[in-house]
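Raw final.cif, mmCIF, C-alpha atoms:
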```
data_coords
#
loop_
_atom_site.group_PDB
_atom_site.id
_atom_site.type_symbol
_atom_site.label_atom_id
_atom_site.label_comp_id
_atom_site.auth_asym_id
_atom_site.auth_seq_id
_atom_site.Cartn_x
_atom_site.Cartn_y
_atom_site.Cartn_z
ATOM 1 C CA MET A 1 -3.583 -5.166 21.569
ATOM 2 C CA GLU A 2 -0.229 -6.903 21.401
ATOM 3 C CA LEU A 3 1.509 -6.701 18.046
ATOM 4 C CA LEU A 4 3.599 -9.404 16.449
ATOM 5 C CA SER A 5 7.281 -8.578 16.922
ATOM 6 C CA LEU A 6 9.190 -6.652 14.284
ATOM 7 C CA SER A 7 11.579 -9.546 13.594
ATOM 8 C CA LYS A 8 8.729 -12.057 13.148
ATOM 9 C CA THR A 9 6.782 -9.669 10.940
ATOM 10 C CA VAL A 10 9.777 -8.975 8.695
ATOM 11 C CA LYS A 11 10.473 -12.703 8.413
ATOM 12 C CA ARG A 12 6.837 -13.541 7.562
ATOM 13 C CA VAL A 13 6.408 -10.887 4.893
ATOM 14 C CA SER A 14 9.887 -11.150 3.341
ATOM 15 C CA ARG A 15 9.142 -14.586 1.941
ATOM 16 C CA PHE A 16 6.755 -12.975 -0.523
ATOM 17 C CA LEU A 17 9.693 -11.164 -2.130
ATOM 18 C CA GLU A 18 11.662 -14.366 -2.741
ATOM 19 C CA PRO A 19 10.360 -14.954 -6.299
ATOM 20 C CA PHE A 20 11.815 -11.657 -7.480
ATOM 21 C CA PRO A 21 15.508 -11.154 -8.235
ATOM 22 C CA GLY A 22 17.002 -7.741 -7.595
ATOM 23 C CA TYR A 23 15.952 -5.048 -5.217
ATOM 24 C CA CYS A 24 12.256 -4.622 -4.390
ATOM 25 C CA TRP A 25 10.024 -4.004 -1.379
ATOM 26 C CA LEU A 26 6.622 -4.733 0.107
ATOM 27 C CA ALA A 27 4.586 -1.869 1.490
ATOM 28 C CA GLY A 28 1.176 -1.062 2.864
ATOM 29 C CA GLY A 29 -1.648 -2.960 4.476
ATOM 30 C CA MET A 30 -0.162 -6.443 4.339
ATOM 31 C CA ILE A 31 2.526 -5.361 6.786
ATOM 32 C CA ALA A 32 -0.023 -3.809 9.159
ATOM 33 C CA ASP A 33 -2.197 -6.930 8.960
ATOM 34 C CA THR A 34 0.824 -9.101 9.789
ATOM 35 C CA PHE A 35 1.719 -6.985 12.831
ATOM 36 C CA LEU A 36 -1.931 -7.192 13.913
ATOM 37 C CA LYS A 37 -1.949 -10.977 13.381
ATOM 38 C CA ARG A 38 -4.660 -10.734 10.749
ATOM 39 C CA PRO A 39 -4.957 -12.578 7.464
ATOM 40 C CA PHE A 40 -4.168 -10.796 4.226
ATOM 41 C CA SER A 41 -4.634 -11.668 0.589
ATOM 42 C CA ASP A 42 -3.140 -8.686 -1.218
ATOM 43 C CA ILE A 43 0.621 -8.180 -1.485
ATOM 44 C CA ASP A 44 1.845 -4.813 -2.783
ATOM 45 C CA VAL A 45 5.343 -5.111 -4.253
ATOM 46 C CA PHE A 46 7.308 -2.123 -5.551
ATOM 47 C CA PHE A 47 10.277 -1.957 -7.904
ATOM 48 C CA PRO A 48 12.772 0.830 -8.559
ATOM 49 C CA THR A 49 12.605 0.467 -12.357
ATOM 50 C CA VAL A 50 10.049 -0.437 -14.993
ATOM 51 C CA VAL A 51 12.406 -3.152 -16.276
ATOM 52 C CA GLU A 52 12.366 -4.918 -12.895
ATOM 53 C CA GLN A 53 8.603 -4.511 -12.712
ATOM 54 C CA MET A 54 8.223 -6.138 -16.131
ATOM 55 C CA GLU A 55 10.452 -9.023 -15.022
ATOM 56 C CA ALA A 56 8.116 -9.504 -12.060
ATOM 57 C CA PHE A 57 5.128 -9.746 -14.421
ATOM 58 C CA LEU A 58 6.857 -12.560 -16.311
ATOM 59 C CA ILE A 59 7.856 -14.376 -13.121
ATOM 60 C CA LEU A 60 4.283 -14.351 -11.825
ATOM 61 C CA GLU A 61 2.840 -15.437 -15.176
ATOM 62 C CA GLU A 62 5.329 -18.310 -15.387
ATOM 63 C CA ASP A 63 4.309 -19.326 -11.852
ATOM 64 C CA GLY A 64 0.649 -19.615 -12.866
ATOM 65 C CA TYR A 65 -0.656 -16.242 -11.702
ATOM 66 C CA THR A 66 -3.375 -14.668 -13.838
ATOM 67 C CA LEU A 67 -3.535 -10.968 -14.681
ATOM 68 C CA VAL A 68 -6.768 -9.644 -13.160
ATOM 69 C CA SER A 69 -6.403 -5.882 -13.598
ATOM 70 C CA GLU A 70 -4.062 -3.322 -15.062
ATOM 71 C CA GLU A 71 -3.625 0.381 -14.434
ATOM 72 C CA GLU A 72 -1.006 2.958 -15.342
ATOM 73 C CA TYR A 73 1.396 2.208 -12.494
ATOM 74 C CA HIS A 74 0.581 -1.369 -11.579
ATOM 75 C CA LYS A 75 -0.850 -4.745 -12.485
ATOM 76 C CA LYS A 76 -2.646 -7.243 -10.256
ATOM 77 C CA TYR A 77 -2.027 -10.955 -10.555
ATOM 78 C CA ARG A 78 -4.001 -13.647 -8.744
ATOM 79 C CA LYS A 79 -3.464 -17.319 -8.017
ATOM 80 C CA GLY A 80 -5.950 -18.925 -5.648
ATOM 81 C CA ASP A 81 -6.550 -16.600 -2.700
ATOM 82 C CA LEU A 82 -3.314 -14.668 -3.143
ATOM 83 C CA THR A 83 -3.019 -11.430 -5.130
ATOM 84 C CA TYR A 84 0.222 -9.707 -6.041
ATOM 85 C CA ASP A 85 -0.107 -6.033 -6.925
ATOM 86 C CA ILE A 86 3.080 -5.098 -8.791
ATOM 87 C CA PHE A 87 3.857 -1.365 -8.699
ATOM 88 C CA TYR A 88 6.212 1.089 -10.284
ATOM 89 C CA TYR A 89 5.922 4.558 -8.706
ATOM 90 C CA ASN A 90 9.161 6.077 -9.965
ATOM 91 C CA THR A 91 10.600 5.899 -6.466
ATOM 92 C CA ASN A 92 13.995 4.376 -5.859
ATOM 93 C CA ASN A 93 13.515 3.155 -2.322
ATOM 94 C CA PRO A 94 10.931 2.084 0.248
ATOM 95 C CA GLN A 95 11.049 5.313 2.263
ATOM 96 C CA ASP A 96 10.186 7.434 -0.777
ATOM 97 C CA THR A 97 7.368 5.029 -1.638
ATOM 98 C CA ILE A 98 5.683 5.140 1.756
ATOM 99 C CA GLU A 99 5.910 8.942 1.755
ATOM 100 C CA LEU A 100 3.408 8.803 -1.123
ATOM 101 C CA PHE A 101 0.845 6.925 0.994
ATOM 102 C CA GLY A 102 -2.177 8.742 2.366
ATOM 103 C CA TYR A 103 -2.523 7.248 5.840
ATOM 104 C CA GLN A 104 -0.013 6.728 8.658
ATOM 105 C CA HIS A 105 -1.105 3.161 9.476
ATOM 106 C CA CYS A 106 -0.245 2.090 5.908
ATOM 107 C CA MET A 107 3.195 3.692 5.897
ATOM 108 C CA ALA A 108 5.506 0.723 6.335
ATOM 109 C CA ALA A 109 7.747 -1.256 4.004
ATOM 110 C CA VAL A 110 10.088 -4.232 4.108
ATOM 111 C CA ASP A 111 12.727 -4.542 1.426
ATOM 112 C CA SER A 112 14.395 -7.569 -0.120
ATOM 113 C CA LYS A 113 17.368 -7.032 2.212
ATOM 114 C CA GLY A 114 15.116 -7.510 5.248
ATOM 115 C CA GLN A 115 15.140 -3.846 6.276
ATOM 116 C CA PHE A 116 12.045 -2.255 7.789
ATOM 117 C CA PHE A 117 10.915 1.320 7.035
ATOM 118 C CA SER A 118 7.996 3.228 8.535
ATOM 119 C CA HIS A 119 6.403 6.540 9.385
ATOM 120 C CA PRO A 120 7.533 7.777 12.845
ATOM 121 C CA GLU A 121 4.005 7.295 14.218
ATOM 122 C CA TYR A 122 3.287 3.990 12.454
ATOM 123 C CA PHE A 123 3.282 1.826 15.578
ATOM 124 C CA ASP A 124 1.125 4.364 17.431
ATOM 125 C CA ARG A 125 -1.473 4.018 14.663
ATOM 126 C CA LEU A 126 -1.403 0.229 14.860
ATOM 127 C CA LYS A 127 -1.876 0.353 18.630
ATOM 128 C CA ASP A 128 -4.658 2.949 18.697
ATOM 129 C CA MET A 129 -6.199 1.712 15.409
ATOM 130 C CA ARG A 130 -6.747 5.269 14.181
ATOM 131 C CA VAL A 131 -6.843 6.344 10.556
ATOM 132 C CA VAL A 132 -4.739 9.498 10.379
ATOM 133 C CA PRO A 133 -4.260 11.179 7.000
ATOM 134 C CA HIS A 134 -0.670 11.804 5.986
ATOM 135 C CA ASN A 135 -0.126 13.184 2.515
ATOM 136 C CA LEU A 136 -3.534 13.140 0.896
ATOM 137 C CA ASP A 137 -2.458 15.529 -1.847
ATOM 138 C CA ASN A 138 -0.956 12.479 -3.519
ATOM 139 C CA TYR A 139 -4.488 11.420 -4.392
ATOM 140 C CA LEU A 140 -4.642 14.502 -6.568
ATOM 141 C CA LYS A 141 -1.388 13.608 -8.346
ATOM 142 C CA GLY A 142 -2.843 10.760 -10.318
ATOM 143 C CA HIS A 143 -2.795 7.421 -8.545
ATOM 144 C CA ARG A 144 -6.270 7.874 -7.034
ATOM 145 C CA ARG A 145 -8.220 9.599 -9.762
ATOM 146 C CA TRP A 146 -11.764 8.739 -8.797
ATOM 147 C CA PRO A 147 -13.502 10.348 -5.798
ATOM 148 C CA VAL A 148 -15.267 7.105 -4.825
ATOM 149 C CA SER A 149 -11.919 5.369 -4.232
ATOM 150 C CA VAL A 150 -11.258 7.556 -1.175
ATOM 151 C CA PRO A 151 -14.380 6.670 0.884
ATOM 152 C CA ARG A 152 -14.185 3.081 -0.394
ATOM 153 C CA ARG A 153 -10.697 2.759 1.063
ATOM 154 C CA LEU A 154 -11.731 4.480 4.300
ATOM 155 C CA LEU A 155 -14.663 2.086 4.653
ATOM 156 C CA LYS A 156 -12.251 -0.840 4.212
ATOM 157 C CA PHE A 157 -10.200 0.474 7.143
ATOM 158 C CA LEU A 158 -13.277 1.035 9.317
ATOM 159 C CA ASN A 159 -14.460 -2.504 8.592
ATOM 160 C CA LYS A 160 -11.082 -3.747 9.848
ATOM 161 C CA GLY A 161 -11.678 -2.028 13.195
ATOM 162 C CA TYR A 162 -9.884 1.272 12.651
ATOM 163 C CA THR A 163 -11.488 4.544 13.741
ATOM 164 C CA ILE A 164 -11.175 8.110 12.483
ATOM 165 C CA ASP A 165 -11.751 11.323 14.387
ATOM 166 C CA ASN A 166 -14.127 13.991 13.121
ATOM 167 C CA ASP A 167 -11.463 16.449 11.908
ATOM 168 C CA ASP A 168 -9.643 13.730 9.967
ATOM 169 C CA LEU A 169 -12.927 12.520 8.477
ATOM 170 C CA ILE A 170 -13.681 16.048 7.284
ATOM 171 C CA THR A 171 -10.201 16.200 5.728
ATOM 172 C CA VAL A 172 -10.770 12.943 3.849
ATOM 173 C CA LEU A 173 -14.261 13.903 2.676
ATOM 174 C CA GLN A 174 -13.014 17.304 1.518
ATOM 175 C CA LEU A 175 -10.427 15.441 -0.520
ATOM 176 C CA CYS A 176 -13.226 13.582 -2.306
ATOM 177 C CA ILE A 177 -14.793 16.902 -3.237
ATOM 178 C CA ASP A 178 -11.442 18.300 -4.372
ATOM 179 C CA ILE A 179 -10.788 15.270 -6.570
ATOM 180 C CA GLN A 180 -14.214 15.519 -8.157
ATOM 181 C CA ASP A 181 -13.918 19.263 -8.756
ATOM 182 C CA LYS A 182 -10.504 18.896 -10.374
ATOM 183 C CA LYS A 183 -11.661 15.907 -12.435
ATOM 184 C CA PHE A 184 -14.691 17.641 -13.865
ATOM 185 C CA THR A 185 -13.157 21.068 -14.448
ATOM 186 C CA LYS A 186 -10.529 19.800 -16.925
#
```
Represent the structure from my file as structure tokens, please.
Amino acid sequence: MELLSLSKTVKRVSRFLEPFPGYCWLAGGMIADTFLKRPFSDIDVFFPTVVEQMEAFLILEEDGYTLVSEEEYHKKYRKGDLTYDIFYYNTNNPQDTIELFGYQHCMAAVDSKGQFFSHPEYFDRLKDMRVVPHNLDNYLKGHRRWPVSVPRRLLKFLNKGYTIDNDDLITVLQLCIDIQDKKFTK
């Protein structure tokens, strides 16, 4: 499968950062979908401070976006078919943010300066369409509290044409058990 070029991908995704003043970055599946020439509807935008994140909320609301969900570290806004997921992870830069992600094929970011960041094996994962766990312990640190979110996300990847080998599947399923055990033993 031939991927869209890096320069074209950065150009296409960067436009979604234009509404926001200051430093911010896109990360995750939208970038992979753009490289793979697939449609996307969810844009994950990250900010280095809560103040900048709150400014983004106001900008989206003033532009007619509607708040559709809210969690501890992010809010989702929707307008038509487009959803902005505005995050604050207490990370100061795109590289630190993608290090928190659980799968190699999601570990890419583009910042408001047009710089691209990724896991060293990111492009290998896009080419072989394999789901390879990276730092799944982050699920246990709070941003994925419910065991069902892990297989739900994996199923989303599989439905997009990704595959997972048996050992990696066991790792992911064991994570579900670990999350549940920690959740119910508190």
Please evaluate the PyMOL selection byres ((chain A and resi 38) around 12) against the structure above and give the resulting residues as a CSV table (one decimal) with C-alpha atoms, in the frame of the given file.
```csv
chain,number,residue,atom,x,y,z
A,3,LEU,CA,1.5,-6.7,18.0
A,4,LEU,CA,3.6,-9.4,16.4
A,9,THR,CA,6.8,-9.7,10.9
A,29,GLY,CA,-1.6,-3.0,4.5
A,30,MET,CA,-0.2,-6.4,4.3
A,31,ILE,CA,2.5,-5.4,6.8
A,32,ALA,CA,0.0,-3.8,9.2
A,33,ASP,CA,-2.2,-6.9,9.0
A,34,THR,CA,0.8,-9.1,9.8
A,35,PHE,CA,1.7,-7.0,12.8
A,36,LEU,CA,-1.9,-7.2,13.9
A,37,LYS,CA,-1.9,-11.0,13.4
A,39,PRO,CA,-5.0,-12.6,7.5
A,40,PHE,CA,-4.2,-10.8,4.2
A,41,SER,CA,-4.6,-11.7,0.6
A,160,LYS,CA,-11.1,-3.7,9.8
A,161,GLY,CA,-11.7,-2.0,13.2
```
Hey, which of A:Ile43, A:Ile86, A:Leu126, A:Ala27 ends up closest to Ile98 (chain A)? Count all atoms listed in the file. A:Ala27
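Residues in contact with Phe20 (chain A) at 12 Å, where all atoms listed in the file are counted and same-chain residues fewer than 2 positions away are skipped, are listed as A:Ser14, A:Arg15, A:Phe16, A:Leu17, A:Glu18, A:Gly22, A:Tyr23, A:Cys24, A:Trp25, A:Leu26, A:Val45, A:Phe46, A:Phe47, A:Glu52, A:Gln53, A:Met54, A:Glu55, A:Ala56, A:Phe57, A:Leu58, A:Ile59, A:Leu60, A:Asp63, A:Tyr84, A:Ile86, A:Asp111, A:Ser112.
Computed from the coordinates, the CA of Gln104 (chain A) to CA of Val132 (chain A) distance equals 5.7 Å.
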For the provided coordinates, the residues matched by the PyMOL selection byres ((chain A and resi 66-68) around 6) should be stated as a PyMOL selection string. chain A and resi 65+69+76-78
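The space between CA of Glu2 (chain A) and CA of Arg130 (chain A) spans 15.6 Å.
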Determine the residue membership of the PyMOL selection byres ((chain A and resi 154) around 12) for the file above and supply it as a PDB file with C-alpha atoms, keeping the file's coordinate frame.
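Here's the written file result-v7.pdb:
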```
ATOM      1  CA  GLY A 102      -2.177   8.742   2.366  1.00  0.00           C
ATOM      2  CA  TYR A 103      -2.523   7.248   5.840  1.00  0.00           C
ATOM      3  CA  HIS A 105      -1.105   3.161   9.476  1.00  0.00           C
ATOM      4  CA  CYS A 106      -0.245   2.090   5.908  1.00  0.00           C
ATOM      5  CA  ARG A 130      -6.747   5.269  14.181  1.00  0.00           C
ATOM      6  CA  VAL A 131      -6.843   6.344  10.556  1.00  0.00           C
ATOM      7  CA  VAL A 132      -4.739   9.498  10.379  1.00  0.00           C
ATOM      8  CA  PRO A 133      -4.260  11.179   7.000  1.00  0.00           C
ATOM      9  CA  PRO A 147     -13.502  10.348  -5.798  1.00  0.00           C
ATOM     10  CA  VAL A 148     -15.267   7.105  -4.825  1.00  0.00           C
ATOM     11  CA  SER A 149     -11.919   5.369  -4.232  1.00  0.00           C
ATOM     12  CA  VAL A 150     -11.258   7.556  -1.175  1.00  0.00           C
ATOM     13  CA  PRO A 151     -14.380   6.670   0.884  1.00  0.00           C
ATOM     14  CA  ARG A 152     -14.185   3.081  -0.394  1.00  0.00           C
ATOM     15  CA  ARG A 153     -10.697   2.759   1.063  1.00  0.00           C
ATOM     16  CA  LEU A 155     -14.663   2.086   4.653  1.00  0.00           C
ATOM     17  CA  LYS A 156     -12.251  -0.840   4.212  1.00  0.00           C
ATOM     18  CA  PHE A 157     -10.200   0.474   7.143  1.00  0.00           C
ATOM     19  CA  LEU A 158     -13.277   1.035   9.317  1.00  0.00           C
ATOM     20  CA  ASN A 159     -14.460  -2.504   8.592  1.00  0.00           C
ATOM     21  CA  LYS A 160     -11.082  -3.747   9.848  1.00  0.00           C
ATOM     22  CA  GLY A 161     -11.678  -2.028  13.195  1.00  0.00           C
ATOM     23  CA  TYR A 162      -9.884   1.272  12.651  1.00  0.00           C
ATOM     24  CA  THR A 163     -11.488   4.544  13.741  1.00  0.00           C
ATOM     25  CA  ILE A 164     -11.175   8.110  12.483  1.00  0.00           C
ATOM     26  CA  ASP A 168      -9.643  13.730   9.967  1.00  0.00           C
ATOM     27  CA  LEU A 169     -12.927  12.520   8.477  1.00  0.00           C
ATOM     28  CA  THR A 171     -10.201  16.200   5.728  1.00  0.00           C
ATOM     29  CA  VAL A 172     -10.770  12.943   3.849  1.00  0.00           C
ATOM     30  CA  LEU A 173     -14.261  13.903   2.676  1.00  0.00           C
ATOM     31  CA  CYS A 176     -13.226  13.582  -2.306  1.00  0.00           C
TER      32      CYS A 176
END
```
Incomplete region 24-58 of chain A brought to N, CA and C atoms, written out as a short mmCIF file (atom, residue, chain, number, x, y, z; two decimals), in the coordinates of the input:
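The resulting out_14.cif:
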```
data_model
loop_
_atom_site.label_atom_id
_atom_site.label_comp_id
_atom_site.auth_asym_id
_atom_site.auth_seq_id
_atom_site.Cartn_x
_atom_site.Cartn_y
_atom_site.Cartn_z
N CYS A 24 13.67 -4.97 -4.39
CA CYS A 24 12.26 -4.62 -4.39
C CYS A 24 11.79 -4.54 -2.95
N TRP A 25 10.54 -4.13 -2.74
CA TRP A 25 10.02 -4.00 -1.38
C TRP A 25 8.51 -4.16 -1.35
N LEU A 26 8.04 -4.64 -0.21
CA LEU A 26 6.62 -4.73 0.11
C LEU A 26 6.25 -3.47 0.87
N ALA A 27 5.02 -3.03 0.72
CA ALA A 27 4.59 -1.87 1.49
C ALA A 27 3.08 -1.92 1.66
N GLY A 28 2.61 -1.24 2.69
CA GLY A 28 1.18 -1.06 2.86
C GLY A 28 0.50 -1.98 3.85
N GLY A 29 -0.76 -2.28 3.55
CA GLY A 29 -1.65 -2.96 4.48
C GLY A 29 -1.24 -4.36 4.88
N MET A 30 -0.59 -5.08 4.00
CA MET A 30 -0.16 -6.44 4.34
C MET A 30 0.75 -6.44 5.57
N ILE A 31 1.61 -5.44 5.66
CA ILE A 31 2.53 -5.36 6.79
C ILE A 31 1.74 -5.05 8.06
N ALA A 32 0.81 -4.11 7.99
CA ALA A 32 -0.02 -3.81 9.16
C ALA A 32 -0.82 -5.04 9.58
N ASP A 33 -1.42 -5.74 8.62
CA ASP A 33 -2.20 -6.93 8.96
C ASP A 33 -1.32 -8.00 9.62
N THR A 34 -0.08 -8.12 9.19
CA THR A 34 0.82 -9.10 9.79
C THR A 34 1.15 -8.71 11.22
N PHE A 35 1.48 -7.45 11.46
CA PHE A 35 1.72 -6.98 12.83
C PHE A 35 0.50 -7.24 13.72
N LEU A 36 -0.69 -7.04 13.16
CA LEU A 36 -1.93 -7.19 13.91
C LEU A 36 -2.42 -8.64 13.96
N LYS A 37 -1.63 -9.54 13.39
CA LYS A 37 -1.95 -10.98 13.38
C LYS A 37 -3.27 -11.25 12.67
N ARG A 38 -3.45 -10.58 11.55
CA ARG A 38 -4.66 -10.73 10.75
C ARG A 38 -4.30 -11.35 9.40
N PRO A 39 -5.23 -12.03 8.80
CA PRO A 39 -4.96 -12.58 7.46
C PRO A 39 -4.90 -11.45 6.43
N PHE A 40 -4.22 -11.73 5.35
CA PHE A 40 -4.17 -10.80 4.23
C PHE A 40 -4.23 -11.61 2.95
N SER A 41 -4.60 -10.97 1.88
CA SER A 41 -4.63 -11.67 0.59
C SER A 41 -3.99 -10.84 -0.52
N ASP A 42 -3.67 -9.60 -0.22
CA ASP A 42 -3.14 -8.69 -1.22
C ASP A 42 -1.73 -8.28 -0.83
N ILE A 43 -0.79 -8.47 -1.74
CA ILE A 43 0.62 -8.18 -1.48
C ILE A 43 1.06 -7.10 -2.46
N ASP A 44 1.40 -5.93 -1.95
CA ASP A 44 1.84 -4.81 -2.78
C ASP A 44 3.36 -4.82 -2.85
N VAL A 45 3.90 -5.04 -4.05
CA VAL A 45 5.34 -5.11 -4.25
C VAL A 45 5.75 -3.97 -5.19
N PHE A 46 6.83 -3.29 -4.82
CA PHE A 46 7.31 -2.12 -5.55
C PHE A 46 8.71 -2.38 -6.09
N PHE A 47 8.99 -1.79 -7.24
CA PHE A 47 10.28 -1.96 -7.90
C PHE A 47 10.85 -0.60 -8.27
N PRO A 48 12.17 -0.47 -8.25
CA PRO A 48 12.77 0.83 -8.56
C PRO A 48 12.78 1.18 -10.05
N THR A 49 12.60 0.18 -10.92
CA THR A 49 12.60 0.47 -12.36
C THR A 49 11.46 -0.28 -13.05
N VAL A 50 11.07 0.22 -14.19
CA VAL A 50 10.05 -0.44 -14.99
C VAL A 50 10.56 -1.79 -15.48
N VAL A 51 11.83 -1.89 -15.80
CA VAL A 51 12.41 -3.15 -16.28
C VAL A 51 12.23 -4.24 -15.22
N GLU A 52 12.53 -3.93 -13.97
CA GLU A 52 12.37 -4.92 -12.90
C GLU A 52 10.89 -5.25 -12.67
N GLN A 53 10.03 -4.26 -12.84
CA GLN A 53 8.60 -4.51 -12.71
C GLN A 53 8.14 -5.48 -13.81
N MET A 54 8.61 -5.27 -15.02
CA MET A 54 8.22 -6.14 -16.13
C MET A 54 8.75 -7.56 -15.93
N GLU A 55 9.93 -7.70 -15.36
CA GLU A 55 10.45 -9.02 -15.02
C GLU A 55 9.54 -9.71 -14.01
N ALA A 56 9.03 -8.94 -13.06
CA ALA A 56 8.12 -9.50 -12.06
C ALA A 56 6.83 -10.02 -12.72
N PHE A 57 6.32 -9.29 -13.70
CA PHE A 57 5.13 -9.75 -14.42
C PHE A 57 5.38 -11.13 -15.01
N LEU A 58 6.51 -11.28 -15.67
CA LEU A 58 6.86 -12.56 -16.31
C LEU A 58 7.01 -13.68 -15.28
#
```
